[in-house]
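J.: If it helps, the file is called upload04.pdb and holds PDB, N, CA and C atoms:
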ATOM      1  N   MET A   1       9.232 -18.760  -0.959
ATOM      2  CA  MET A   1       8.118 -18.558  -1.875
ATOM      3  C   MET A   1       7.786 -17.068  -1.948
ATOM      4  N   LYS A   2       7.742 -16.545  -3.146
ATOM      5  CA  LYS A   2       7.465 -15.129  -3.342
ATOM      6  C   LYS A   2       5.962 -14.858  -3.223
ATOM      7  N   ILE A   3       5.622 -13.767  -2.560
ATOM      8  CA  ILE A   3       4.221 -13.385  -2.387
ATOM      9  C   ILE A   3       3.759 -12.564  -3.574
ATOM     10  N   HIS A   4       2.612 -12.904  -4.123
ATOM     11  CA  HIS A   4       1.986 -12.125  -5.203
ATOM     12  C   HIS A   4       1.218 -10.998  -4.511
ATOM     13  N   ALA A   5       1.739  -9.789  -4.593
ATOM     14  CA  ALA A   5       1.183  -8.649  -3.853
ATOM     15  C   ALA A   5      -0.288  -8.414  -4.168
ATOM     16  N   GLY A   6      -0.655  -8.431  -5.443
ATOM     17  CA  GLY A   6      -2.039  -8.162  -5.836
ATOM     18  C   GLY A   6      -3.018  -9.166  -5.264
ATOM     19  N   LYS A   7      -2.634 -10.440  -5.277
ATOM     20  CA  LYS A   7      -3.515 -11.481  -4.719
ATOM     21  C   LYS A   7      -3.697 -11.287  -3.216
ATOM     22  N   LYS A   8      -2.617 -10.950  -2.533
ATOM     23  CA  LYS A   8      -2.679 -10.733  -1.079
ATOM     24  C   LYS A   8      -3.580  -9.540  -0.767
ATOM     25  N   ILE A   9      -3.454  -8.479  -1.540
ATOM     26  CA  ILE A   9      -4.288  -7.287  -1.350
ATOM     27  C   ILE A   9      -5.750  -7.630  -1.620
ATOM     28  N   LYS A  10      -5.996  -8.379  -2.681
ATOM     29  CA  LYS A  10      -7.373  -8.744  -3.018
ATOM     30  C   LYS A  10      -8.018  -9.548  -1.892
ATOM     31  N   GLU A  11      -7.266 -10.461  -1.268
ATOM     32  CA  GLU A  11      -7.795 -11.247  -0.146
ATOM     33  C   GLU A  11      -8.282 -10.321   0.970
ATOM     34  N   HIS A  12      -7.465  -9.356   1.325
ATOM     35  CA  HIS A  12      -7.821  -8.429   2.406
ATOM     36  C   HIS A  12      -8.937  -7.479   1.969
ATOM     37  N   PHE A  13      -8.913  -7.090   0.700
ATOM     38  CA  PHE A  13      -9.971  -6.235   0.172
ATOM     39  C   PHE A  13     -11.322  -6.939   0.274
ATOM     40  N   VAL A  14     -11.398  -8.179  -0.175
ATOM     41  CA  VAL A  14     -12.658  -8.936  -0.123
ATOM     42  C   VAL A  14     -13.137  -9.057   1.328
ATOM     43  N   ALA A  15     -12.219  -9.349   2.238
ATOM     44  CA  ALA A  15     -12.578  -9.479   3.653
ATOM     45  C   ALA A  15     -13.035  -8.154   4.261
ATOM     46  N   SER A  16     -12.592  -7.046   3.683
ATOM     47  CA  SER A  16     -12.929  -5.727   4.238
ATOM     48  C   SER A  16     -14.396  -5.364   4.039
ATOM     49  N   GLY A  17     -15.009  -5.923   3.003
ATOM     50  CA  GLY A  17     -16.401  -5.595   2.712
ATOM     51  C   GLY A  17     -16.578  -4.302   1.931
ATOM     52  N   LEU A  18     -15.488  -3.647   1.569
ATOM     53  CA  LEU A  18     -15.575  -2.419   0.775
ATOM     54  C   LEU A  18     -15.987  -2.754  -0.652
ATOM     55  N   SER A  19     -16.662  -1.839  -1.301
ATOM     56  CA  SER A  19     -16.933  -1.988  -2.732
ATOM     57  C   SER A  19     -15.693  -1.526  -3.496
ATOM     58  N   VAL A  20     -15.584  -1.936  -4.740
ATOM     59  CA  VAL A  20     -14.459  -1.500  -5.571
ATOM     60  C   VAL A  20     -14.480   0.023  -5.707
ATOM     61  N   SER A  21     -15.687   0.576  -5.858
ATOM     62  CA  SER A  21     -15.810   2.035  -5.995
ATOM     63  C   SER A  21     -15.304   2.755  -4.755
ATOM     64  N   GLU A  22     -15.671   2.260  -3.575
ATOM     65  CA  GLU A  22     -15.246   2.903  -2.329
ATOM     66  C   GLU A  22     -13.738   2.747  -2.129
ATOM     67  N   PHE A  23     -13.223   1.568  -2.425
ATOM     68  CA  PHE A  23     -11.783   1.327  -2.306
ATOM     69  C   PHE A  23     -11.027   2.275  -3.233
ATOM     70  N   ALA A  24     -11.492   2.410  -4.478
ATOM     71  CA  ALA A  24     -10.861   3.320  -5.435
ATOM     72  C   ALA A  24     -10.933   4.761  -4.937
ATOM     73  N   ARG A  25     -12.073   5.153  -4.393
ATOM     74  CA  ARG A  25     -12.231   6.513  -3.879
ATOM     75  C   ARG A  25     -11.217   6.779  -2.763
ATOM     76  N   ARG A  26     -11.087   5.829  -1.851
ATOM     77  CA  ARG A  26     -10.160   6.001  -0.723
ATOM     78  C   ARG A  26      -8.702   6.012  -1.170
ATOM     79  N   LEU A  27      -8.409   5.321  -2.272
ATOM     80  CA  LEU A  27      -7.046   5.331  -2.820
ATOM     81  C   LEU A  27      -6.823   6.504  -3.764
ATOM     82  N   ASN A  28      -7.899   7.243  -4.038
ATOM     83  CA  ASN A  28      -7.844   8.371  -4.961
ATOM     84  C   ASN A  28      -7.420   7.916  -6.361
ATOM     85  N   CYS A  29      -8.114   6.872  -6.848
ATOM     86  CA  CYS A  29      -7.842   6.361  -8.185
ATOM     87  C   CYS A  29      -9.151   5.897  -8.824
ATOM     88  N   HIS A  30      -9.079   5.424 -10.052
ATOM     89  CA  HIS A  30     -10.250   4.924 -10.760
ATOM     90  C   HIS A  30     -10.465   3.443 -10.443
ATOM     91  N   ARG A  31     -11.693   2.989 -10.628
ATOM     92  CA  ARG A  31     -12.038   1.582 -10.393
ATOM     93  C   ARG A  31     -11.121   0.648 -11.178
ATOM     94  N   GLN A  32     -10.821   0.998 -12.426
ATOM     95  CA  GLN A  32      -9.985   0.135 -13.261
ATOM     96  C   GLN A  32      -8.603  -0.054 -12.638
ATOM     97  N   ASN A  33      -8.090   0.975 -11.965
ATOM     98  CA  ASN A  33      -6.791   0.862 -11.306
ATOM     99  C   ASN A  33      -6.823  -0.196 -10.202
ATOM    100  N   VAL A  34      -7.968  -0.321  -9.537
ATOM    101  CA  VAL A  34      -8.099  -1.323  -8.468
ATOM    102  C   VAL A  34      -7.925  -2.718  -9.062
ATOM    103  N   TYR A  35      -8.593  -2.986 -10.174
ATOM    104  CA  TYR A  35      -8.459  -4.293 -10.815
ATOM    105  C   TYR A  35      -7.021  -4.528 -11.285
ATOM    106  N   ASP A  36      -6.354  -3.464 -11.742
ATOM    107  CA  ASP A  36      -4.955  -3.563 -12.143
ATOM    108  C   ASP A  36      -4.078  -3.924 -10.942
ATOM    109  N   ILE A  37      -4.357  -3.334  -9.793
ATOM    110  CA  ILE A  37      -3.597  -3.629  -8.564
ATOM    111  C   ILE A  37      -3.706  -5.114  -8.233
ATOM    112  N   PHE A  38      -4.911  -5.669  -8.333
ATOM    113  CA  PHE A  38      -5.114  -7.081  -8.008
ATOM    114  C   PHE A  38      -4.304  -8.016  -8.920
ATOM    115  N   ARG A  39      -3.983  -7.577 -10.129
ATOM    116  CA  ARG A  39      -3.231  -8.405 -11.084
ATOM    117  C   ARG A  39      -1.715  -8.272 -10.916
ATOM    118  N   ARG A  40      -1.258  -7.249 -10.237
ATOM    119  CA  ARG A  40       0.181  -6.991 -10.126
ATOM    120  C   ARG A  40       0.856  -7.946  -9.146
ATOM    121  N   GLU A  41       1.993  -8.458  -9.584
ATOM    122  CA  GLU A  41       2.788  -9.303  -8.692
ATOM    123  C   GLU A  41       3.629  -8.440  -7.752
ATOM    124  N   VAL A  42       4.090  -7.302  -8.260
ATOM    125  CA  VAL A  42       4.919  -6.376  -7.491
ATOM    126  C   VAL A  42       4.241  -5.010  -7.507
ATOM    127  N   ILE A  43       4.245  -4.355  -6.351
ATOM    128  CA  ILE A  43       3.587  -3.049  -6.224
ATOM    129  C   ILE A  43       4.548  -2.070  -5.575
ATOM    130  N   ASP A  44       4.604  -0.857  -6.119
ATOM    131  CA  ASP A  44       5.416   0.232  -5.591
ATOM    132  C   ASP A  44       5.134   0.416  -4.099
ATOM    133  N   VAL A  45       6.181   0.639  -3.329
ATOM    134  CA  VAL A  45       6.050   0.754  -1.872
ATOM    135  C   VAL A  45       5.125   1.910  -1.475
ATOM    136  N   GLY A  46       5.185   3.026  -2.199
ATOM    137  CA  GLY A  46       4.313   4.159  -1.878
ATOM    138  C   GLY A  46       2.847   3.790  -2.010
ATOM    139  N   LEU A  47       2.488   3.113  -3.090
ATOM    140  CA  LEU A  47       1.110   2.661  -3.282
ATOM    141  C   LEU A  47       0.759   1.613  -2.242
ATOM    142  N   LEU A  48       1.694   0.737  -1.939
ATOM    143  CA  LEU A  48       1.451  -0.302  -0.937
ATOM    144  C   LEU A  48       1.162   0.315   0.435
ATOM    145  N   GLN A  49       1.825   1.410   0.747
ATOM    146  CA  GLN A  49       1.559   2.100   2.016
ATOM    147  C   GLN A  49       0.150   2.684   2.033
ATOM    148  N   ARG A  50      -0.280   3.276   0.917
ATOM    149  CA  ARG A  50      -1.639   3.830   0.838
ATOM    150  C   ARG A  50      -2.671   2.722   0.997
ATOM    151  N   ILE A  51      -2.440   1.603   0.317
ATOM    152  CA  ILE A  51      -3.359   0.473   0.422
ATOM    153  C   ILE A  51      -3.378  -0.048   1.857
ATOM    154  N   SER A  52      -2.222  -0.087   2.496
ATOM    155  CA  SER A  52      -2.133  -0.547   3.883
ATOM    156  C   SER A  52      -2.982   0.316   4.804
ATOM    157  N   ARG A  53      -2.956   1.630   4.584
ATOM    158  CA  ARG A  53      -3.771   2.528   5.416
ATOM    159  C   ARG A  53      -5.256   2.288   5.182
ATOM    160  N   VAL A  54      -5.650   2.141   3.927
ATOM    161  CA  VAL A  54      -7.070   1.959   3.602
ATOM    162  C   VAL A  54      -7.594   0.635   4.154
ATOM    163  N   LEU A  55      -6.823  -0.439   3.982
ATOM    164  CA  LEU A  55      -7.282  -1.758   4.421
ATOM    165  C   LEU A  55      -6.841  -2.111   5.842
ATOM    166  N   GLU A  56      -6.129  -1.186   6.470
ATOM    167  CA  GLU A  56      -5.674  -1.360   7.849
ATOM    168  C   GLU A  56      -4.905  -2.671   8.040
ATOM    169  N   HIS A  57      -3.938  -2.877   7.141
ATOM    170  CA  HIS A  57      -3.090  -4.072   7.189
ATOM    171  C   HIS A  57      -1.695  -3.675   6.704
ATOM    172  N   ASP A  58      -0.655  -4.149   7.368
ATOM    173  CA  ASP A  58       0.718  -3.796   7.012
ATOM    174  C   ASP A  58       1.241  -4.688   5.880
ATOM    175  N   PHE A  59       0.904  -4.319   4.657
ATOM    176  CA  PHE A  59       1.357  -5.086   3.500
ATOM    177  C   PHE A  59       2.848  -4.923   3.258
ATOM    178  N   VAL A  60       3.408  -3.768   3.598
ATOM    179  CA  VAL A  60       4.838  -3.538   3.362
ATOM    180  C   VAL A  60       5.659  -4.561   4.132
ATOM    181  N   SER A  61       5.378  -4.723   5.414
ATOM    182  CA  SER A  61       6.128  -5.698   6.214
ATOM    183  C   SER A  61       5.864  -7.124   5.754
ATOM    184  N   GLU A  62       4.620  -7.395   5.415
ATOM    185  CA  GLU A  62       4.272  -8.756   4.997
ATOM    186  C   GLU A  62       4.927  -9.135   3.670
ATOM    187  N   ILE A  63       4.875  -8.246   2.710
ATOM    188  CA  ILE A  63       5.371  -8.560   1.372
ATOM    189  C   ILE A  63       6.875  -8.399   1.260
ATOM    190  N   TYR A  64       7.438  -7.418   1.965
ATOM    191  CA  TYR A  64       8.871  -7.172   1.876
ATOM    192  C   TYR A  64       9.622  -7.621   3.122
ATOM    193  N   SER A  65       9.079  -8.601   3.845
ATOM    194  CA  SER A  65       9.744  -9.084   5.056
ATOM    195  C   SER A  65      11.028  -9.818   4.682
ATOM    196  N   PRO A  66      11.981  -9.887   5.608
ATOM    197  CA  PRO A  66      13.234 -10.588   5.328
ATOM    198  C   PRO A  66      13.024 -12.057   4.951
ATOM    199  N   LYS A  67      11.925 -12.657   5.384
ATOM    200  CA  LYS A  67      11.644 -14.047   5.045
ATOM    201  C   LYS A  67      11.381 -14.193   3.546
ATOM    202  N   GLN A  68      10.889 -13.124   2.918
ATOM    203  CA  GLN A  68      10.521 -13.183   1.507
ATOM    204  C   GLN A  68      11.638 -12.704   0.585
ATOM    205  N   THR A  69      12.508 -11.845   1.083
ATOM    206  CA  THR A  69      13.524 -11.229   0.250
ATOM    207  C   THR A  69      14.852 -11.257   0.994
ATOM    208  N   SER A  70      15.917 -11.563   0.310
ATOM    209  CA  SER A  70      17.208 -11.630   0.977
ATOM    210  C   SER A  70      17.707 -10.250   1.393
ATOM    211  N   LYS A  71      17.417  -9.224   0.581
ATOM    212  CA  LYS A  71      17.846  -7.872   0.935
ATOM    213  C   LYS A  71      16.923  -6.865   0.269
ATOM    214  N   VAL A  72      16.466  -5.912   1.058
ATOM    215  CA  VAL A  72      15.621  -4.841   0.533
ATOM    216  C   VAL A  72      16.157  -3.535   1.081
ATOM    217  N   THR A  73      16.427  -2.592   0.205
ATOM    218  CA  THR A  73      16.840  -1.263   0.618
ATOM    219  C   THR A  73      15.760  -0.297   0.167
ATOM    220  N   LEU A  74      15.159   0.392   1.116
ATOM    221  CA  LEU A  74      14.096   1.335   0.816
ATOM    222  C   LEU A  74      14.549   2.730   1.211
ATOM    223  N   LYS A  75      14.340   3.685   0.328
ATOM    224  CA  LYS A  75      14.682   5.073   0.609
ATOM    225  C   LYS A  75      13.415   5.899   0.480
ATOM    226  N   PHE A  76      13.186   6.763   1.461
ATOM    227  CA  PHE A  76      11.973   7.562   1.486
ATOM    228  C   PHE A  76      12.288   9.021   1.759
ATOM    229  N   ALA A  77      11.440   9.888   1.237
ATOM    230  CA  ALA A  77      11.436  11.296   1.621
ATOM    231  C   ALA A  77      10.265  11.436   2.579
ATOM    232  N   VAL A  78      10.540  11.908   3.767
ATOM    233  CA  VAL A  78       9.508  12.017   4.795
ATOM    234  C   VAL A  78       9.258  13.492   5.096
ATOM    235  N   THR A  79       7.986  13.884   5.074
ATOM    236  CA  THR A  79       7.600  15.240   5.437
ATOM    237  C   THR A  79       7.042  15.194   6.857
ATOM    238  N   VAL A  80       7.624  16.023   7.720
ATOM    239  CA  VAL A  80       7.199  16.065   9.120
ATOM    240  C   VAL A  80       6.778  17.483   9.465
ATOM    241  N   GLU A  81       5.593  17.610  10.048
ATOM    242  CA  GLU A  81       5.129  18.911  10.530
ATOM    243  C   GLU A  81       5.357  18.954  12.034
ATOM    244  N   ILE A  82       5.871  20.092  12.494
ATOM    245  CA  ILE A  82       6.103  20.269  13.925
ATOM    246  C   ILE A  82       5.251  21.436  14.382
ATOM    247  N   GLU A  83       4.383  21.152  15.341
ATOM    248  CA  GLU A  83       3.501  22.188  15.875
ATOM    249  C   GLU A  83       3.421  22.015  17.380
ATOM    250  N   ASN A  84       3.749  23.068  18.097
ATOM    251  CA  ASN A  84       3.726  23.045  19.565
ATOM    252  C   ASN A  84       4.551  21.885  20.118
ATOM    253  N   GLY A  85       5.690  21.626  19.510
ATOM    254  CA  GLY A  85       6.560  20.558  19.987
ATOM    255  C   GLY A  85       6.122  19.158  19.587
ATOM    256  N   GLU A  86       5.011  19.021  18.909
ATOM    257  CA  GLU A  86       4.502  17.723  18.470
ATOM    258  C   GLU A  86       4.968  17.460  17.038
ATOM    259  N   HIS A  87       5.444  16.280  16.763
ATOM    260  CA  HIS A  87       5.880  15.882  15.432
ATOM    261  C   HIS A  87       4.807  15.009  14.802
ATOM    262  N   LYS A  88       4.484  15.287  13.538
ATOM    263  CA  LYS A  88       3.485  14.507  12.826
ATOM    264  C   LYS A  88       3.989  14.257  11.405
ATOM    265  N   VAL A  89       4.083  12.983  11.026
ATOM    266  CA  VAL A  89       4.487  12.638   9.667
ATOM    267  C   VAL A  89       3.280  12.871   8.772
ATOM    268  N   THR A  90       3.440  13.730   7.772
ATOM    269  CA  THR A  90       2.319  14.072   6.901
ATOM    270  C   THR A  90       2.427  13.458   5.514
ATOM    271  N   ASP A  91       3.633  12.995   5.150
ATOM    272  CA  ASP A  91       3.780  12.410   3.817
ATOM    273  C   ASP A  91       5.045  11.560   3.779
ATOM    274  N   VAL A  92       4.949  10.421   3.106
ATOM    275  CA  VAL A  92       6.102   9.554   2.897
ATOM    276  C   VAL A  92       6.082   9.162   1.428
ATOM    277  N   LYS A  93       7.194   9.450   0.738
ATOM    278  CA  LYS A  93       7.289   9.134  -0.686
ATOM    279  C   LYS A  93       8.573   8.347  -0.937
ATOM    280  N   PRO A  94       8.464   7.299  -1.746
ATOM    281  CA  PRO A  94       9.695   6.558  -2.076
ATOM    282  C   PRO A  94      10.580   7.398  -2.989
ATOM    283  N   LEU A  95      11.874   7.254  -2.815
ATOM    284  CA  LEU A  95      12.833   7.932  -3.659
ATOM    285  C   LEU A  95      13.256   6.998  -4.785
ATOM    286  N   PRO A  96      13.599   7.557  -5.933
ATOM    287  CA  PRO A  96      14.027   6.709  -7.064
ATOM    288  C   PRO A  96      15.337   6.009  -6.776
TER
END
If you took the structure in this file and wrote it as structure tokens, what would it be?
T.:
Amino acid sequence: MKIHAGKKIKEHFVASGLSVSEFARRLNCHRQNVYDIFRREVIDVGLLQRISRVLEHDFVSEIYSPKQTSKVTLKFAVTVEIENGEHKVTDVKPLP
């Protein structure tokens, strides 16, 4: 059974207690975009990662788990900052 990403996100959003305005602010988008996200069956992995951070839930693993999809290949560009021997991932973007 395929997971409807927007519905799953909306469930966690409602449980979070955030307002649509606050959720949009944290995602750096407009309120209307939030409603659009809730309607989407499929969501870009980069956006899904941002939503996962805001709602503190791993939607990428849940929605793209091997149980849901026979094969998924994801390619990312990762930006890592190194300071005093410490590595910190500062940005992850999906590649086309």
J.: Given the PyMOL selection byres (((chain A and resi 47 and name CA) around 10) and name CA) and the file above, list the residues it selects as a PyMOL selection string.
T.: chain A and resi 27+37+43-46+48-53+60+93-94
J.: To test the calculation: enclose all listed atoms of region 29-35 of chain A in a box whose edges run along x, y and z, add 6 Å on each side, then state centre and edge lengths in Å to one decimal, as lines of an AutoDock Vina configuration file.
T.:
center_x = -9.4
center_y = 1.2
center_z = -10.1
size_x = 17.2
size_y = 23.4
size_z = 18.4
J.: Around the point (16.2, 8.7, -1.4) in the file's coordinates, collect all residues with an atom within 7 Å, using only C-alpha atoms, and return them as a PDB file with N, CA and C atoms, in the coordinates of the input.
T.:
ATOM      1  N   LYS A  75      14.340   3.685   0.328  1.00  0.00           N
ATOM      2  CA  LYS A  75      14.682   5.073   0.609  1.00  0.00           C
ATOM      3  C   LYS A  75      13.415   5.899   0.480  1.00  0.00           C
ATOM      4  N   PHE A  76      13.186   6.763   1.461  1.00  0.00           N
ATOM      5  CA  PHE A  76      11.973   7.562   1.486  1.00  0.00           C
ATOM      6  C   PHE A  76      12.288   9.021   1.759  1.00  0.00           C
ATOM      7  N   ALA A  77      11.440   9.888   1.237  1.00  0.00           N
ATOM      8  CA  ALA A  77      11.436  11.296   1.621  1.00  0.00           C
ATOM      9  C   ALA A  77      10.265  11.436   2.579  1.00  0.00           C
ATOM     10  N   PRO A  94       8.464   7.299  -1.746  1.00  0.00           N
ATOM     11  CA  PRO A  94       9.695   6.558  -2.076  1.00  0.00           C
ATOM     12  C   PRO A  94      10.580   7.398  -2.989  1.00  0.00           C
ATOM     13  N   LEU A  95      11.874   7.254  -2.815  1.00  0.00           N
ATOM     14  CA  LEU A  95      12.833   7.932  -3.659  1.00  0.00           C
ATOM     15  C   LEU A  95      13.256   6.998  -4.785  1.00  0.00           C
ATOM     16  N   PRO A  96      13.599   7.557  -5.933  1.00  0.00           N
ATOM     17  CA  PRO A  96      14.027   6.709  -7.064  1.00  0.00           C
ATOM     18  C   PRO A  96      15.337   6.009  -6.776  1.00  0.00           C
TER      19      PRO A  96
END
J.: Quick check, in Å to one decimal: how far apart do CA of Phe23 (chain A) and CA of Asp36 (chain A) lie?
T.: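 It comes out at 12.9 Å.
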J.: Determine the nearest neighbour of Lys7 (chain A) from the options A:Cys29, A:Tyr35, A:Ser21, A:Thr90, counting only C-alpha atoms.
T.: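 Comparing A:Cys29, A:Tyr35, A:Ser21, A:Thr90 against Lys7 (chain A), the winner is A:Tyr35.
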J.: Looking at A:Glu41, A:Arg25, A:Glu81, A:Phe59, which one is nearest to His4 (chain A), with distances taken over only C-alpha atoms?
T.: A:Glu41
J.: CA of Leu18 (chain A) and CA of Arg31 (chain A), how far apart in Å?
T.: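 If I compute the distance from CA of Arg31 (chain A) to CA of Leu18 (chain A), I get 12.4 Å.
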J.: Go through region 11-83 of chain A and collect every residue that DSSP, computed from the backbone, puts in alpha helix (DSSP H); the answer should be as a PyMOL selection string.
T.: chain A and resi 11-16+20-27+31-39+45-55+59-63
J.: How many Å separate CA of Val20 (chain A) from CA of Lys8 (chain A)?
T.: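 Computing it gives 15.6 Å between the two atoms.
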J.: Can you list what the PyMOL selection byres (((chain A and resi 89 and name CA) around 6) and name CA) grabs from this structure, as an NGL selection string?
T.: :A and (79-80 or 88 or 90-91)
J.: Export, as an mmCIF file, in the frame of the given file, the selected residues with N, CA and C atoms.
T.:
data_model
loop_
_atom_site.group_PDB
_atom_site.id
_atom_site.type_symbol
_atom_site.label_atom_id
_atom_site.label_comp_id
_atom_site.auth_asym_id
_atom_site.auth_seq_id
_atom_site.Cartn_x
_atom_site.Cartn_y
_atom_site.Cartn_z
ATOM 1 N N THR A 79 7.986 13.884 5.074
ATOM 2 C CA THR A 79 7.600 15.240 5.437
ATOM 3 C C THR A 79 7.042 15.194 6.857
ATOM 4 N N VAL A 80 7.624 16.023 7.720
ATOM 5 C CA VAL A 80 7.199 16.065 9.120
ATOM 6 C C VAL A 80 6.778 17.483 9.465
ATOM 7 N N LYS A 88 4.484 15.287 13.538
ATOM 8 C CA LYS A 88 3.485 14.507 12.826
ATOM 9 C C LYS A 88 3.989 14.257 11.405
ATOM 10 N N THR A 90 3.440 13.730 7.772
ATOM 11 C CA THR A 90 2.319 14.072 6.901
ATOM 12 C C THR A 90 2.427 13.458 5.514
ATOM 13 N N ASP A 91 3.633 12.995 5.150
ATOM 14 C CA ASP A 91 3.780 12.410 3.817
ATOM 15 C C ASP A 91 5.045 11.560 3.779
#
J.: May I have all residues of chain A that DSSP, computed from the backbone, assigns to strand (DSSP E or B), given as a list in words?
T.: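 Put together, the selection reads Phe76, Ala77, Val78, Thr79, Val80, Glu81, Ile82, Glu83, Glu86, His87, Lys88, Val89, Thr90, Asp91, Val92, Lys93 and Pro94 of chain A.
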